[in-house]
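Chemist: First the structure, which I've put down as structure tokens, then a few questions once you've had a look.
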Amino acid sequence: MGKIALQLKATLENVTNLRPVGEDFRWYLKMKCGNCGEISEKWQYIRLMDSVALKGGRGSASMVQKCKLCARENSIEILSSTIRSYNAEDNDKFKTIVEFECRGLEPVDFQPQALIGGPILVSGQLPDPGNSGIVPEQLPTLHLCPPFPKAGFAAEGVESGTVFSDINLQEKDWTDYDEKAQESVGIYEVTHQFVKC
């Protein structure tokens, strides 16, 4: 199948250097099996930090999965050297922001979202329903666990260099205010396409 590039197009207002943050950035994709054409119903993510061994010692990939329909083992690898930022001069033009080495899996859709938040852990015991006395030490306690690493996009103010992190583009638009430059900033009309390299 070869290499497939993900291209982004957006309108940037007073920001530049829009980029994914870190090796734990989650590229949310819908995949198609290159053998039978089955398209995944659910969003799946791949990350640079993930590496799964291929059968027969043929190296590794960011994701390896067996097709539910035809049972073929397929893989996809993020090519880290191809990750690029989207800049002010790229405004309203498609630009490649990452390439994938596709071996049987082809990305067909992309969702630019961020992972924000963390789990809640409940501990303690509920009192016995037959017991009329409630012992406070036995009531459940909610503990907020440390949040997952925030792994969204980041950008910088064109004039000020102010860094805006944890940008979530799932809604295809994002706005904020640059205090240093005293101007509004935003990313609008985010769209994407896949092209063969």
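Just so we're on the same page: first chain in the structure tokens is A, next is B, and so on; residues restart at 1 for each chain, and ligands are numbered from 1 in the order they show up.
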Can you list, as number ranges by chain, every protein, DNA or RNA residue that comes within 12 Å of Gln182 of chain A when you count only C-alpha atoms, leaving out same-chain residues fewer than 3 positions away?
Modeler: A: 14, 157-160, 162, 176-179, 185
Chemist: Just N, CA, C and O atoms for this one: save the residues we selected as a PDB file, in the first residue's frame.
Modeler:
ATOM      1  N   ASN A  14      -3.836  35.063  13.619  1.00  0.00           N
ATOM      2  CA  ASN A  14      -2.809  35.541  14.557  1.00  0.00           C
ATOM      3  C   ASN A  14      -2.056  34.426  15.289  1.00  0.00           C
ATOM      4  O   ASN A  14      -1.494  34.655  16.355  1.00  0.00           O
ATOM      5  N   GLY A 157       1.488  32.526  19.108  1.00  0.00           N
ATOM      6  CA  GLY A 157       1.057  33.822  18.602  1.00  0.00           C
ATOM      7  C   GLY A 157       2.042  34.323  17.560  1.00  0.00           C
ATOM      8  O   GLY A 157       3.251  34.247  17.769  1.00  0.00           O
ATOM      9  N   VAL A 158       1.542  34.844  16.445  1.00  0.00           N
ATOM     10  CA  VAL A 158       2.405  35.310  15.352  1.00  0.00           C
ATOM     11  C   VAL A 158       3.308  36.440  15.829  1.00  0.00           C
ATOM     12  O   VAL A 158       4.521  36.425  15.595  1.00  0.00           O
ATOM     13  N   GLU A 159       2.756  37.427  16.496  1.00  0.00           N
ATOM     14  CA  GLU A 159       3.527  38.594  16.927  1.00  0.00           C
ATOM     15  C   GLU A 159       4.215  38.384  18.272  1.00  0.00           C
ATOM     16  O   GLU A 159       5.351  38.789  18.466  1.00  0.00           O
ATOM     17  N   SER A 160       3.528  37.738  19.209  1.00  0.00           N
ATOM     18  CA  SER A 160       4.016  37.650  20.589  1.00  0.00           C
ATOM     19  C   SER A 160       4.836  36.413  20.902  1.00  0.00           C
ATOM     20  O   SER A 160       5.602  36.399  21.856  1.00  0.00           O
ATOM     21  N   THR A 162       3.502  33.858  22.109  1.00  0.00           N
ATOM     22  CA  THR A 162       2.765  33.210  23.200  1.00  0.00           C
ATOM     23  C   THR A 162       2.397  31.787  22.783  1.00  0.00           C
ATOM     24  O   THR A 162       1.875  31.579  21.694  1.00  0.00           O
ATOM     25  N   ASP A 176      -9.098  31.856  21.257  1.00  0.00           N
ATOM     26  CA  ASP A 176      -8.509  32.239  22.537  1.00  0.00           C
ATOM     27  C   ASP A 176      -8.144  33.717  22.425  1.00  0.00           C
ATOM     28  O   ASP A 176      -8.472  34.372  21.427  1.00  0.00           O
ATOM     29  N   TYR A 177      -7.446  34.220  23.455  1.00  0.00           N
ATOM     30  CA  TYR A 177      -7.021  35.616  23.442  1.00  0.00           C
ATOM     31  C   TYR A 177      -5.551  35.676  23.805  1.00  0.00           C
ATOM     32  O   TYR A 177      -5.117  35.054  24.781  1.00  0.00           O
ATOM     33  N   ASP A 178      -4.765  36.409  23.030  1.00  0.00           N
ATOM     34  CA  ASP A 178      -3.343  36.586  23.279  1.00  0.00           C
ATOM     35  C   ASP A 178      -3.158  37.855  24.104  1.00  0.00           C
ATOM     36  O   ASP A 178      -3.276  38.969  23.591  1.00  0.00           O
ATOM     37  N   GLU A 179      -2.889  37.672  25.402  1.00  0.00           N
ATOM     38  CA  GLU A 179      -2.737  38.802  26.317  1.00  0.00           C
ATOM     39  C   GLU A 179      -1.563  39.700  25.914  1.00  0.00           C
ATOM     40  O   GLU A 179      -1.677  40.926  25.967  1.00  0.00           O
ATOM     41  N   VAL A 185      -7.108  35.289  18.900  1.00  0.00           N
ATOM     42  CA  VAL A 185      -6.433  34.299  18.070  1.00  0.00           C
ATOM     43  C   VAL A 185      -7.425  33.177  17.795  1.00  0.00           C
ATOM     44  O   VAL A 185      -8.350  32.948  18.578  1.00  0.00           O
TER      45      VAL A 185
END
Chemist: Skipping near chain neighbours, those fewer than 3 positions away, what residues fall within 6 Å of segment 44-50 of chain A using only C-alpha atoms, listed as an NGL selection string?
Modeler: :A and (23-29 or 62)
Chemist: Let's have the selection written as a CSV table (one decimal), in the first residue's frame, with N, CA and C atoms.
Modeler:
chain,number,residue,atom,x,y,z
A,23,GLU,N,5.1,12.6,21.9
A,23,GLU,CA,5.0,11.3,21.4
A,23,GLU,C,3.7,10.6,21.8
A,24,ASP,N,3.0,11.2,22.8
A,24,ASP,CA,1.7,10.6,23.3
A,24,ASP,C,0.5,11.2,22.5
A,25,PHE,N,0.8,12.1,21.5
A,25,PHE,CA,-0.3,12.6,20.7
A,25,PHE,C,-1.1,11.5,20.1
A,26,ARG,N,-2.4,11.5,20.2
A,26,ARG,CA,-3.2,10.5,19.6
A,26,ARG,C,-3.8,10.9,18.3
A,27,TRP,N,-3.3,10.2,17.2
A,27,TRP,CA,-3.9,10.4,15.9
A,27,TRP,C,-5.1,9.5,15.8
A,28,TYR,N,-6.3,10.1,15.9
A,28,TYR,CA,-7.6,9.4,15.8
A,28,TYR,C,-7.9,9.2,14.4
A,29,LEU,N,-8.0,7.9,14.0
A,29,LEU,CA,-8.3,7.5,12.6
A,29,LEU,C,-9.4,6.5,12.5
A,62,SER,N,3.2,1.1,14.6
A,62,SER,CA,2.5,1.8,15.6
A,62,SER,C,1.2,1.1,16.0
Chemist: Contacts of Glu38 of chain A at 12 Å or less, counting only C-alpha atoms, minus same-chain residues fewer than 2 places along, as a PDB file with all heavy atoms, in the first residue's frame?
Modeler:
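Everything below was put into out-v9.pdb:
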ATOM      1  N   LYS A  30      -9.995   6.487  11.319  1.00  0.00           N
ATOM      2  CA  LYS A  30     -10.820   5.344  10.916  1.00  0.00           C
ATOM      3  C   LYS A  30     -10.023   4.662   9.813  1.00  0.00           C
ATOM      4  O   LYS A  30      -9.463   5.326   8.936  1.00  0.00           O
ATOM      5  CB  LYS A  30     -12.192   5.784  10.417  1.00  0.00           C
ATOM      6  CG  LYS A  30     -13.096   6.203  11.561  1.00  0.00           C
ATOM      7  CD  LYS A  30     -14.534   6.271  11.145  1.00  0.00           C
ATOM      8  CE  LYS A  30     -15.383   6.619  12.361  1.00  0.00           C
ATOM      9  NZ  LYS A  30     -16.794   6.725  12.034  1.00  0.00           N
ATOM     10  N   MET A  31      -9.966   3.333   9.895  1.00  0.00           N
ATOM     11  CA  MET A  31      -9.107   2.559   8.995  1.00  0.00           C
ATOM     12  C   MET A  31      -9.919   1.687   8.048  1.00  0.00           C
ATOM     13  O   MET A  31     -11.001   1.230   8.389  1.00  0.00           O
ATOM     14  CB  MET A  31      -8.202   1.638   9.808  1.00  0.00           C
ATOM     15  CG  MET A  31      -7.434   2.319  10.895  1.00  0.00           C
ATOM     16  SD  MET A  31      -6.060   3.214  10.224  1.00  0.00           S
ATOM     17  CE  MET A  31      -5.128   3.450  11.703  1.00  0.00           C
ATOM     18  N   LYS A  32      -9.321   1.429   6.888  1.00  0.00           N
ATOM     19  CA  LYS A  32      -9.912   0.516   5.906  1.00  0.00           C
ATOM     20  C   LYS A  32      -8.921  -0.610   5.656  1.00  0.00           C
ATOM     21  O   LYS A  32      -7.722  -0.366   5.473  1.00  0.00           O
ATOM     22  CB  LYS A  32     -10.201   1.265   4.607  1.00  0.00           C
ATOM     23  CG  LYS A  32     -10.796   0.389   3.510  1.00  0.00           C
ATOM     24  CD  LYS A  32     -11.239   1.216   2.327  1.00  0.00           C
ATOM     25  CE  LYS A  32     -10.165   1.256   1.283  1.00  0.00           C
ATOM     26  NZ  LYS A  32     -10.588   1.882   0.026  1.00  0.00           N
ATOM     27  N   CYS A  33      -9.424  -1.837   5.636  1.00  0.00           N
ATOM     28  CA  CYS A  33      -8.597  -2.994   5.313  1.00  0.00           C
ATOM     29  C   CYS A  33      -8.300  -2.961   3.819  1.00  0.00           C
ATOM     30  O   CYS A  33      -9.216  -2.878   2.997  1.00  0.00           O
ATOM     31  CB  CYS A  33      -9.307  -4.292   5.700  1.00  0.00           C
ATOM     32  SG  CYS A  33      -8.415  -5.787   5.197  1.00  0.00           S
ATOM     33  N   GLY A  34      -7.028  -3.028   3.470  1.00  0.00           N
ATOM     34  CA  GLY A  34      -6.625  -3.003   2.075  1.00  0.00           C
ATOM     35  C   GLY A  34      -6.958  -4.283   1.331  1.00  0.00           C
ATOM     36  O   GLY A  34      -6.962  -4.311   0.106  1.00  0.00           O
ATOM     37  N   ASN A  35      -7.278  -5.350   2.068  1.00  0.00           N
ATOM     38  CA  ASN A  35      -7.589  -6.639   1.451  1.00  0.00           C
ATOM     39  C   ASN A  35      -9.065  -6.740   1.072  1.00  0.00           C
ATOM     40  O   ASN A  35      -9.403  -7.049  -0.058  1.00  0.00           O
ATOM     41  CB  ASN A  35      -7.182  -7.775   2.395  1.00  0.00           C
ATOM     42  CG  ASN A  35      -7.290  -9.127   1.752  1.00  0.00           C
ATOM     43  OD1 ASN A  35      -6.811  -9.332   0.644  1.00  0.00           O
ATOM     44  ND2 ASN A  35      -7.919 -10.059   2.451  1.00  0.00           N
ATOM     45  N   CYS A  36      -9.949  -6.477   2.047  1.00  0.00           N
ATOM     46  CA  CYS A  36     -11.381  -6.682   1.805  1.00  0.00           C
ATOM     47  C   CYS A  36     -12.197  -5.387   1.755  1.00  0.00           C
ATOM     48  O   CYS A  36     -13.369  -5.409   1.395  1.00  0.00           O
ATOM     49  CB  CYS A  36     -11.969  -7.616   2.862  1.00  0.00           C
ATOM     50  SG  CYS A  36     -12.033  -6.891   4.516  1.00  0.00           S
ATOM     51  N   SER A  40     -13.432   0.501   9.628  1.00  0.00           N
ATOM     52  CA  SER A  40     -13.730   0.455  11.060  1.00  0.00           C
ATOM     53  C   SER A  40     -14.863   1.429  11.383  1.00  0.00           C
ATOM     54  O   SER A  40     -14.929   2.529  10.855  1.00  0.00           O
ATOM     55  CB  SER A  40     -12.488   0.797  11.891  1.00  0.00           C
ATOM     56  OG  SER A  40     -12.013   2.091  11.575  1.00  0.00           O
ATOM     57  N   GLU A  41     -15.763   0.988  12.264  1.00  0.00           N
ATOM     58  CA  GLU A  41     -16.882   1.838  12.679  1.00  0.00           C
ATOM     59  C   GLU A  41     -16.449   2.825  13.748  1.00  0.00           C
ATOM     60  O   GLU A  41     -16.966   3.930  13.828  1.00  0.00           O
ATOM     61  CB  GLU A  41     -18.029   0.981  13.222  1.00  0.00           C
ATOM     62  CG  GLU A  41     -18.681   0.116  12.178  1.00  0.00           C
ATOM     63  CD  GLU A  41     -19.771  -0.776  12.773  1.00  0.00           C
ATOM     64  OE1 GLU A  41     -20.249  -0.476  13.880  1.00  0.00           O
ATOM     65  OE2 GLU A  41     -20.122  -1.764  12.112  1.00  0.00           O
ATOM     66  N   LYS A  66      -5.839  -7.338  13.345  1.00  0.00           N
ATOM     67  CA  LYS A  66      -6.405  -8.347  12.457  1.00  0.00           C
ATOM     68  C   LYS A  66      -7.777  -7.859  12.003  1.00  0.00           C
ATOM     69  O   LYS A  66      -8.581  -7.419  12.825  1.00  0.00           O
ATOM     70  CB  LYS A  66      -6.537  -9.660  13.224  1.00  0.00           C
ATOM     71  CG  LYS A  66      -6.812 -10.865  12.352  1.00  0.00           C
ATOM     72  CD  LYS A  66      -6.883 -12.114  13.201  1.00  0.00           C
ATOM     73  CE  LYS A  66      -5.837 -13.086  12.729  1.00  0.00           C
ATOM     74  NZ  LYS A  66      -5.920 -14.360  13.422  1.00  0.00           N
ATOM     75  N   CYS A  67      -8.035  -7.903  10.711  1.00  0.00           N
ATOM     76  CA  CYS A  67      -9.327  -7.479  10.170  1.00  0.00           C
ATOM     77  C   CYS A  67     -10.428  -8.399  10.687  1.00  0.00           C
ATOM     78  O   CYS A  67     -10.292  -9.629  10.644  1.00  0.00           O
ATOM     79  CB  CYS A  67      -9.290  -7.498   8.643  1.00  0.00           C
ATOM     80  SG  CYS A  67     -10.866  -7.039   7.880  1.00  0.00           S
ATOM     81  N   LYS A  68     -11.510  -7.806  11.150  1.00  0.00           N
ATOM     82  CA  LYS A  68     -12.632  -8.590  11.680  1.00  0.00           C
ATOM     83  C   LYS A  68     -13.336  -9.382  10.588  1.00  0.00           C
ATOM     84  O   LYS A  68     -13.905 -10.420  10.847  1.00  0.00           O
ATOM     85  CB  LYS A  68     -13.646  -7.672  12.372  1.00  0.00           C
ATOM     86  CG  LYS A  68     -13.133  -7.078  13.649  1.00  0.00           C
ATOM     87  CD  LYS A  68     -14.177  -6.175  14.271  1.00  0.00           C
ATOM     88  CE  LYS A  68     -13.632  -5.518  15.524  1.00  0.00           C
ATOM     89  NZ  LYS A  68     -14.595  -4.605  16.122  1.00  0.00           N
ATOM     90  N   LEU A  69     -13.272  -8.882   9.347  1.00  0.00           N
ATOM     91  CA  LEU A  69     -13.996  -9.543   8.261  1.00  0.00           C
ATOM     92  C   LEU A  69     -13.165 -10.623   7.566  1.00  0.00           C
ATOM     93  O   LEU A  69     -13.609 -11.757   7.432  1.00  0.00           O
ATOM     94  CB  LEU A  69     -14.458  -8.497   7.239  1.00  0.00           C
ATOM     95  CG  LEU A  69     -15.438  -8.971   6.190  1.00  0.00           C
ATOM     96  CD1 LEU A  69     -16.745  -9.413   6.827  1.00  0.00           C
ATOM     97  CD2 LEU A  69     -15.714  -7.859   5.192  1.00  0.00           C
ATOM     98  N   CYS A  70     -11.932 -10.296   7.171  1.00  0.00           N
ATOM     99  CA  CYS A  70     -11.144 -11.257   6.392  1.00  0.00           C
ATOM    100  C   CYS A  70     -10.007 -11.907   7.190  1.00  0.00           C
ATOM    101  O   CYS A  70      -9.323 -12.773   6.674  1.00  0.00           O
ATOM    102  CB  CYS A  70     -10.588 -10.598   5.127  1.00  0.00           C
ATOM    103  SG  CYS A  70      -9.267  -9.405   5.433  1.00  0.00           S
ATOM    104  N   ALA A  71      -9.794 -11.465   8.432  1.00  0.00           N
ATOM    105  CA  ALA A  71      -8.791 -12.026   9.347  1.00  0.00           C
ATOM    106  C   ALA A  71      -7.342 -11.763   8.924  1.00  0.00           C
ATOM    107  O   ALA A  71      -6.429 -12.342   9.477  1.00  0.00           O
ATOM    108  CB  ALA A  71      -9.019 -13.518   9.564  1.00  0.00           C
ATOM    109  N   ARG A  72      -7.127 -10.875   7.970  1.00  0.00           N
ATOM    110  CA  ARG A  72      -5.764 -10.547   7.559  1.00  0.00           C
ATOM    111  C   ARG A  72      -5.121  -9.634   8.598  1.00  0.00           C
ATOM    112  O   ARG A  72      -5.749  -8.703   9.097  1.00  0.00           O
ATOM    113  CB  ARG A  72      -5.785  -9.854   6.208  1.00  0.00           C
ATOM    114  CG  ARG A  72      -4.399  -9.483   5.728  1.00  0.00           C
ATOM    115  CD  ARG A  72      -4.444  -8.880   4.356  1.00  0.00           C
ATOM    116  NE  ARG A  72      -3.115  -8.417   3.993  1.00  0.00           N
ATOM    117  CZ  ARG A  72      -2.868  -7.703   2.938  1.00  0.00           C
ATOM    118  NH1 ARG A  72      -3.844  -7.393   2.112  1.00  0.00           N
ATOM    119  NH2 ARG A  72      -1.653  -7.303   2.670  1.00  0.00           N
ATOM    120  N   GLY A 104      -1.459  -2.694   4.593  1.00  0.00           N
ATOM    121  CA  GLY A 104      -2.762  -3.346   4.704  1.00  0.00           C
ATOM    122  C   GLY A 104      -3.824  -2.492   5.367  1.00  0.00           C
ATOM    123  O   GLY A 104      -5.005  -2.723   5.183  1.00  0.00           O
ATOM    124  N   LEU A 105      -3.449  -1.499   6.153  1.00  0.00           N
ATOM    125  CA  LEU A 105      -4.405  -0.575   6.768  1.00  0.00           C
ATOM    126  C   LEU A 105      -4.280   0.776   6.083  1.00  0.00           C
ATOM    127  O   LEU A 105      -3.181   1.301   5.933  1.00  0.00           O
ATOM    128  CB  LEU A 105      -4.111  -0.381   8.259  1.00  0.00           C
ATOM    129  CG  LEU A 105      -4.629  -1.412   9.226  1.00  0.00           C
ATOM    130  CD1 LEU A 105      -4.235  -1.032  10.654  1.00  0.00           C
ATOM    131  CD2 LEU A 105      -6.132  -1.575   9.140  1.00  0.00           C
ATOM    132  N   GLU A 106      -5.406   1.329   5.681  1.00  0.00           N
ATOM    133  CA  GLU A 106      -5.405   2.632   5.036  1.00  0.00           C
ATOM    134  C   GLU A 106      -6.282   3.587   5.836  1.00  0.00           C
ATOM    135  O   GLU A 106      -7.460   3.309   6.055  1.00  0.00           O
ATOM    136  CB  GLU A 106      -5.936   2.509   3.612  1.00  0.00           C
ATOM    137  CG  GLU A 106      -5.974   3.813   2.872  1.00  0.00           C
ATOM    138  CD  GLU A 106      -6.549   3.677   1.474  1.00  0.00           C
ATOM    139  OE1 GLU A 106      -6.647   2.555   0.957  1.00  0.00           O
ATOM    140  OE2 GLU A 106      -6.904   4.721   0.898  1.00  0.00           O
ATOM    141  N   PRO A 107      -5.735   4.730   6.295  1.00  0.00           N
ATOM    142  CA  PRO A 107      -6.589   5.694   6.996  1.00  0.00           C
ATOM    143  C   PRO A 107      -7.558   6.343   6.017  1.00  0.00           C
ATOM    144  O   PRO A 107      -7.167   6.715   4.907  1.00  0.00           O
ATOM    145  CB  PRO A 107      -5.594   6.708   7.562  1.00  0.00           C
ATOM    146  CG  PRO A 107      -4.371   6.568   6.730  1.00  0.00           C
ATOM    147  CD  PRO A 107      -4.356   5.169   6.203  1.00  0.00           C
ATOM    148  N   VAL A 108      -8.832   6.446   6.432  1.00  0.00           N
ATOM    149  CA  VAL A 108      -9.834   7.055   5.563  1.00  0.00           C
ATOM    150  C   VAL A 108     -10.499   8.275   6.207  1.00  0.00           C
ATOM    151  O   VAL A 108     -11.200   9.016   5.533  1.00  0.00           O
ATOM    152  CB  VAL A 108     -10.917   6.031   5.138  1.00  0.00           C
ATOM    153  CG1 VAL A 108     -10.325   4.978   4.222  1.00  0.00           C
ATOM    154  CG2 VAL A 108     -11.601   5.400   6.330  1.00  0.00           C
TER     155      VAL A 108
END
Chemist: Would you compute the distance between atom CA of Gln111 of chain A and atom CA of Ser184 of chain A? Give it in Å to one decimal.
Modeler: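 Pair atom CA of Gln111 of chain A / atom CA of Ser184 of chain A returns 24.8 Å.
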Chemist: Using only C-alpha atoms, which protein or nucleic acid residues come within 9 Å of Lys3 of chain A? Drop anything in the same chain fewer than 5 positions from it, and give the result as a PyMOL selection string.
Modeler: chain A and resi 99-103+195-197
Chemist: From a backbone DSSP assignment, name each residue in chain A labelled helix (DSSP H, G or I), as an MDAnalysis selection string.
Modeler: chainID A and resid 55:57 80:82 88:90 136:138
